[in-house]
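**Q** Pasting protein37.cif below, which is mmCIF, C-alpha atoms.
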data_entry
loop_
_atom_site.label_atom_id
_atom_site.label_comp_id
_atom_site.auth_asym_id
_atom_site.auth_seq_id
_atom_site.Cartn_x
_atom_site.Cartn_y
_atom_site.Cartn_z
CA MET A 25 -7.63 20.94 33.49
CA ASN A 26 -7.44 23.97 35.75
CA PHE A 27 -3.92 23.73 37.10
CA GLU A 28 -4.44 26.78 39.32
CA LEU A 29 -6.66 24.67 41.59
CA ARG A 30 -3.93 22.10 42.21
CA ASN A 31 -0.61 22.29 43.99
CA THR A 32 2.73 21.73 42.30
CA ALA A 33 3.07 18.09 43.33
CA GLN A 34 -0.43 17.28 42.06
CA ASN A 35 0.24 19.05 38.77
CA LEU A 36 3.45 17.08 38.32
CA ALA A 37 1.74 13.79 39.12
CA GLU A 38 -0.91 14.49 36.47
CA ILE A 39 1.66 15.51 33.85
CA ARG A 40 3.85 12.49 34.58
CA LYS A 41 0.92 10.21 33.71
CA HIS A 42 1.16 11.41 30.12
CA ILE A 43 4.95 11.52 29.64
CA PRO A 44 6.77 8.33 28.62
CA GLN A 45 9.84 7.38 30.62
CA TYR A 46 12.17 8.21 27.74
CA VAL A 47 11.02 11.85 27.72
CA THR A 48 12.91 14.29 29.94
CA LEU A 49 10.67 16.77 31.73
CA VAL A 50 12.28 20.19 32.18
CA CYS A 51 10.31 22.16 34.78
CA VAL A 52 10.40 25.74 33.53
CA SER A 53 10.89 27.69 36.73
CA LYS A 54 11.63 31.14 35.29
CA PHE A 55 9.89 33.94 37.20
CA HIS A 56 8.95 31.49 39.96
CA PRO A 57 10.58 31.67 43.42
CA ALA A 58 12.98 29.19 44.95
CA GLU A 59 10.18 27.93 47.21
CA ALA A 60 8.18 26.79 44.18
CA ILE A 61 11.22 25.02 42.76
CA MET A 62 11.71 23.20 46.07
CA GLU A 63 8.12 21.94 45.92
CA ALA A 64 8.89 20.33 42.57
CA TYR A 65 12.29 19.15 43.82
CA ASN A 66 10.66 17.46 46.82
CA ALA A 67 8.26 15.78 44.40
CA GLY A 68 11.27 14.18 42.72
CA GLU A 69 12.11 16.60 39.89
CA ARG A 70 15.72 17.51 39.14
CA ASP A 71 15.63 19.26 35.74
CA PHE A 72 14.73 22.96 35.84
CA GLY A 73 14.76 25.60 33.12
CA GLU A 74 15.63 29.28 33.41
CA SER A 75 15.75 32.00 30.76
CA ARG A 76 17.71 34.84 32.40
CA VAL A 77 21.24 34.59 33.75
CA GLN A 78 20.55 37.16 36.46
CA GLU A 79 17.71 35.01 37.76
CA LEU A 80 19.48 31.68 37.39
CA LEU A 81 22.63 32.59 39.35
CA PRO A 82 21.00 33.25 42.75
CA LYS A 83 18.82 30.16 42.36
CA TYR A 84 21.87 28.06 41.59
CA GLU A 85 23.59 29.37 44.73
CA ALA A 86 20.56 28.86 46.99
CA LEU A 87 19.18 25.53 45.83
CA PRO A 88 20.44 21.90 46.01
CA LYS A 89 23.49 21.21 43.89
CA ASP A 90 22.08 18.05 42.32
CA ILE A 91 19.62 20.15 40.31
CA ARG A 92 20.31 19.99 36.58
CA TRP A 93 19.93 23.55 35.29
CA HIS A 94 18.77 24.05 31.71
CA PHE A 95 19.22 27.46 30.12
CA ILE A 96 16.32 27.97 27.71
CA GLY A 97 16.26 31.71 26.96
CA HIS A 98 18.25 34.01 24.71
CA LEU A 99 21.85 33.92 25.94
CA GLN A 100 23.99 37.01 25.50
CA THR A 101 27.61 36.27 24.69
CA ASN A 102 28.87 38.51 27.51
CA LYS A 103 27.04 36.33 30.07
CA VAL A 104 28.17 32.93 28.83
CA LYS A 105 31.10 32.77 31.26
CA MET A 106 28.72 33.11 34.21
CA ILE A 107 26.92 29.82 33.56
CA VAL A 108 29.45 27.54 31.83
CA PRO A 109 30.89 26.29 35.15
CA PHE A 110 27.64 24.58 36.16
CA VAL A 111 24.92 24.61 33.50
CA HIS A 112 23.67 21.14 32.57
CA LEU A 113 22.38 21.99 29.09
CA ILE A 114 22.01 25.17 27.03
CA HIS A 115 18.95 24.76 24.80
CA SER A 116 19.00 28.10 23.02
CA VAL A 117 22.21 28.18 20.98
CA ASP A 118 21.10 30.18 17.96
CA SER A 119 24.28 31.40 16.24
CA VAL A 120 27.82 30.38 15.34
CA ARG A 121 29.10 33.35 17.36
CA LEU A 122 27.39 32.01 20.49
CA LEU A 123 28.79 28.53 19.85
CA GLU A 124 32.29 29.96 19.56
CA THR A 125 31.87 31.97 22.75
CA ILE A 126 30.67 28.95 24.71
CA ASN A 127 33.61 26.93 23.38
CA ARG A 128 36.11 29.65 24.32
CA GLU A 129 34.76 30.13 27.86
CA ALA A 130 34.47 26.38 28.43
CA GLU A 131 38.07 25.86 27.33
CA LYS A 132 39.22 28.32 29.99
CA ILE A 133 37.85 26.07 32.73
CA GLN A 134 38.44 22.79 30.87
CA ARG A 135 34.80 21.78 30.96
CA LYS A 136 32.84 20.45 28.02
CA VAL A 137 29.46 22.19 27.83
CA ARG A 138 26.39 20.40 26.51
CA VAL A 139 24.21 22.36 24.09
CA LEU A 140 21.22 22.10 21.79
CA LEU A 141 20.99 24.01 18.53
CA GLU A 142 17.89 26.18 18.38
CA VAL A 143 16.11 26.03 15.04
CA HIS A 144 13.53 28.40 13.58
CA VAL A 145 10.70 26.67 11.75
CA ALA A 146 7.75 28.70 13.11
CA LYS A 147 5.99 31.33 11.03
CA GLU A 148 6.76 34.21 13.41
CA GLU A 149 9.84 36.20 12.42
CA THR A 150 10.35 37.18 16.07
CA LYS A 151 11.49 33.68 17.02
CA SER A 152 15.24 33.12 16.90
CA GLY A 153 17.33 30.17 15.78
CA PHE A 154 19.22 28.62 12.91
CA SER A 155 17.37 28.19 9.65
CA PRO A 156 16.99 24.64 8.26
CA GLU A 157 19.58 25.52 5.61
CA GLU A 158 22.09 26.63 8.24
CA ILE A 159 21.64 23.43 10.28
CA ALA A 160 22.40 21.34 7.21
CA SER A 161 25.75 23.09 6.76
CA LEU A 162 26.96 23.21 10.38
CA ASN A 163 28.63 19.83 10.80
CA THR A 164 32.10 20.92 9.68
CA LYS A 165 32.08 23.95 11.98
CA LEU A 166 30.79 21.98 14.96
CA SER A 167 33.53 19.39 14.61
CA THR A 168 36.14 22.09 15.35
CA LEU A 169 34.65 23.10 18.72
CA ASN A 170 36.35 20.82 21.22
CA TYR A 171 34.62 22.15 24.34
CA VAL A 172 31.06 22.09 23.05
CA GLU A 173 29.08 18.84 23.03
CA VAL A 174 26.15 19.09 20.64
CA CYS A 175 23.45 16.86 22.10
CA GLY A 176 20.57 17.66 19.79
CA ILE A 177 18.13 20.29 18.72
CA MET A 178 15.50 22.63 20.18
CA GLY A 179 12.58 24.41 18.58
CA MET A 180 9.14 25.91 19.05
CA ALA A 181 5.93 25.64 17.09
CA THR A 182 4.11 28.60 15.60
CA ASN A 183 2.00 30.48 18.17
CA THR A 184 -1.41 29.43 16.92
CA ASP A 185 -4.40 27.28 17.86
CA ASP A 186 -3.94 25.23 14.69
CA VAL A 187 -2.85 21.77 15.84
CA GLU A 188 -1.87 20.78 12.32
CA GLU A 189 0.55 23.73 12.20
CA TRP A 190 2.06 22.53 15.49
CA ARG A 191 2.52 19.11 13.93
CA ARG A 192 4.17 20.61 10.83
CA CYS A 193 6.67 22.48 12.99
CA PHE A 194 7.46 19.49 15.18
CA ARG A 195 7.95 17.19 12.22
CA GLU A 196 10.35 19.65 10.64
CA ILE A 197 12.31 20.01 13.89
CA LYS A 198 12.60 16.24 14.23
CA ALA A 199 13.74 15.93 10.61
CA LEU A 200 16.45 18.53 11.18
CA ALA A 201 17.81 16.50 14.10
CA ALA A 202 18.93 13.90 11.54
CA HIS A 203 21.52 16.39 10.25
CA LEU A 204 23.18 16.32 13.67
CA LEU A 205 23.69 12.55 13.74
CA PRO A 206 27.32 12.64 12.52
CA ILE A 207 28.21 15.05 15.36
CA VAL A 208 26.28 13.13 18.00
CA HIS A 209 27.92 9.90 16.79
CA SER A 210 31.37 11.45 17.14
CA GLU A 211 30.60 12.30 20.76
CA ALA A 212 29.09 8.92 21.60
CA SER A 213 32.17 7.51 23.37
CA ASN A 214 32.16 10.44 25.79
CA SER A 215 28.41 10.91 26.09
CA SER A 216 25.96 9.51 28.60
CA HIS A 217 23.04 9.79 26.17
CA GLY A 218 24.57 7.64 23.45
CA GLU A 219 23.79 8.21 19.81
CA ARG A 220 20.21 9.46 20.07
CA PRO A 221 19.90 13.23 19.63
CA GLN A 222 17.91 15.17 22.20
CA ILE A 223 14.85 16.73 20.57
CA SER A 224 13.61 19.50 22.88
CA MET A 225 10.17 20.59 21.75
CA GLY A 226 6.81 20.97 23.43
CA MET A 227 5.55 23.28 26.16
CA SER A 228 2.46 23.43 28.39
CA ASP A 229 -0.05 23.84 25.55
CA ASP A 230 1.44 21.48 22.99
CA TYR A 231 3.72 18.95 24.70
CA LEU A 232 1.43 15.97 24.08
CA ILE A 233 1.44 16.70 20.34
CA ALA A 234 5.22 17.24 20.45
CA ILE A 235 5.76 13.83 22.06
CA GLU A 236 3.57 12.20 19.40
CA GLU A 237 5.80 13.83 16.77
CA GLY A 238 9.10 12.69 18.27
CA SER A 239 10.06 14.95 21.18
CA ASN A 240 12.12 13.34 23.92
CA MET A 241 12.45 16.49 26.04
CA VAL A 242 9.61 18.85 26.97
CA ARG A 243 9.74 22.26 28.66
CA ILE A 244 6.72 22.80 30.91
CA GLY A 245 6.17 25.76 33.21
CA SER A 246 2.68 27.16 33.83
CA SER A 247 1.04 23.72 33.90
CA ILE A 248 3.33 22.87 36.83
CA PHE A 249 3.74 26.13 38.72
CA GLY A 250 0.70 28.16 37.60
CA GLU A 251 0.78 31.43 35.76
CA ARG A 252 4.02 33.37 36.03
CA LYS A 253 4.23 36.63 37.91
CA TYR A 254 6.38 38.68 35.55
CA PRO A 255 8.73 41.21 37.18
CA ASN A 256 8.78 44.85 36.17
CA LEU A 257 11.65 44.83 33.71
#
Since I need it in another form, could you write the structure as structure tokens?
**A**
Amino acid sequence: MNFELRNTAQNLAEIRKHIPQYVTLVCVSKFHPAEAIMEAYNAGERDFGESRVQELLPKYEALPKDIRWHFIGHLQTNKVKMIVPFVHLIHSVDSVRLLETINREAEKIQRKVRVLLEVHVAKEETKSGFSPEEIASLNTKLSTLNYVEVCGIMGMATNTDDVEEWRRCFREIKALAAHLLPIVHSEASNSSHGERPQISMGMSDDYLIAIEEGSNMVRIGSSIFGERKYPNL
């Protein structure tokens, strides 16, 4: 489908046809203006994903307060305090140091912050995240962080056209989510999502495969908003 020939509402309607009700759609709005986000908002969407704190903050201030903001990019520890007061879910927690920083900043404002642990199963070394071995050993550490609510796991497939490699990655990510069950269970009494871990995997090119392999949260940007216009950084 050529999404460039459709408007945002039409793109969303087409995507929604293929997403089961149990799957959360995060509209990845990074590098898109507030006007584009409002088009999706007016079409009924409330979950939006941003990857840079300096871009998220003005959007948060300008846009409706019932938007659920998802932080999906690399989060520097010195910027954690800027988003903990309002962020709905941080997908990209990739180190114990970042977990500890989120916990410390959240404690200051007495707010429990929801996070996903980012895992690295793709073949590219440039992708960040915990290794499968690290995930398996995290439960004891996570149980000591009183202001972090671990809701599940996030990961990306290898950047390739090989659908079977996508499936391998997604299956491994889903399997790793099982290691988080003791932590998710311990939060169940205070959690709106119960005992089922969030499994955030799948983007514009591969979200249908990701859902087949167990994703219950997908992050879709260009198929909704069109190609991004990257700023001069």
**Q** Mind telling me what the PyMOL selection byres ((chain A and resi 49) around 6) catches here, as a PyMOL selection string?
**A** chain A and resi 48+50+241-242
**Q** For atom CA of Leu113 of chain A and atom CA of Arg138 of chain A, quote the distance in Å rounded to one decimal.
**A**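 Distance between the two atoms: 5.0 Å.
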**Q** Find the residues near Ile233 of chain A: any atom within 12 Å, counting all atoms listed in the file, skip ones fewer than 6 places away on the same chain, and give them as a short mmCIF file (atom, residue, chain, number, x, y, z; two decimals) with C-alpha atoms, in the frame of the given file.
**A**
data_model
loop_
_atom_site.label_atom_id
_atom_site.label_comp_id
_atom_site.auth_asym_id
_atom_site.auth_seq_id
_atom_site.Cartn_x
_atom_site.Cartn_y
_atom_site.Cartn_z
CA HIS A 42 1.16 11.41 30.12
CA ILE A 43 4.95 11.52 29.64
CA ALA A 181 5.93 25.64 17.09
CA ASP A 186 -3.94 25.23 14.69
CA VAL A 187 -2.85 21.77 15.84
CA GLU A 188 -1.87 20.78 12.32
CA GLU A 189 0.55 23.73 12.20
CA TRP A 190 2.06 22.53 15.49
CA ARG A 191 2.52 19.11 13.93
CA ARG A 192 4.17 20.61 10.83
CA CYS A 193 6.67 22.48 12.99
CA PHE A 194 7.46 19.49 15.18
CA ARG A 195 7.95 17.19 12.22
CA MET A 225 10.17 20.59 21.75
CA GLY A 226 6.81 20.97 23.43
CA MET A 227 5.55 23.28 26.16
CA SER A 239 10.06 14.95 21.18
CA ASN A 240 12.12 13.34 23.92
CA VAL A 242 9.61 18.85 26.97
#
**Q** Enumerate, as number ranges by chain, the residues matched when the PyMOL selection byres ((chain A and resi 131-136) around 6) is run on the file above.
**A** A: 128-130, 137, 171-172
**Q** Could you list as a PyMOL selection string every residue that has an atom within 12 Å of (26.4, 24.1, 23.5), using the file's coordinates and counting all atoms listed in the file?
**A** chain A and resi 94-96+99+104+107-108+111-130+135-142+166+169-178
**Q** Which distance in Å separates atom CA of Leu162 of chain A and atom CA of Ala146 of chain A, to one decimal?
**A**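 Going from atom CA of Leu162 of chain A over to atom CA of Ala146 of chain A, I get 20.2 Å.
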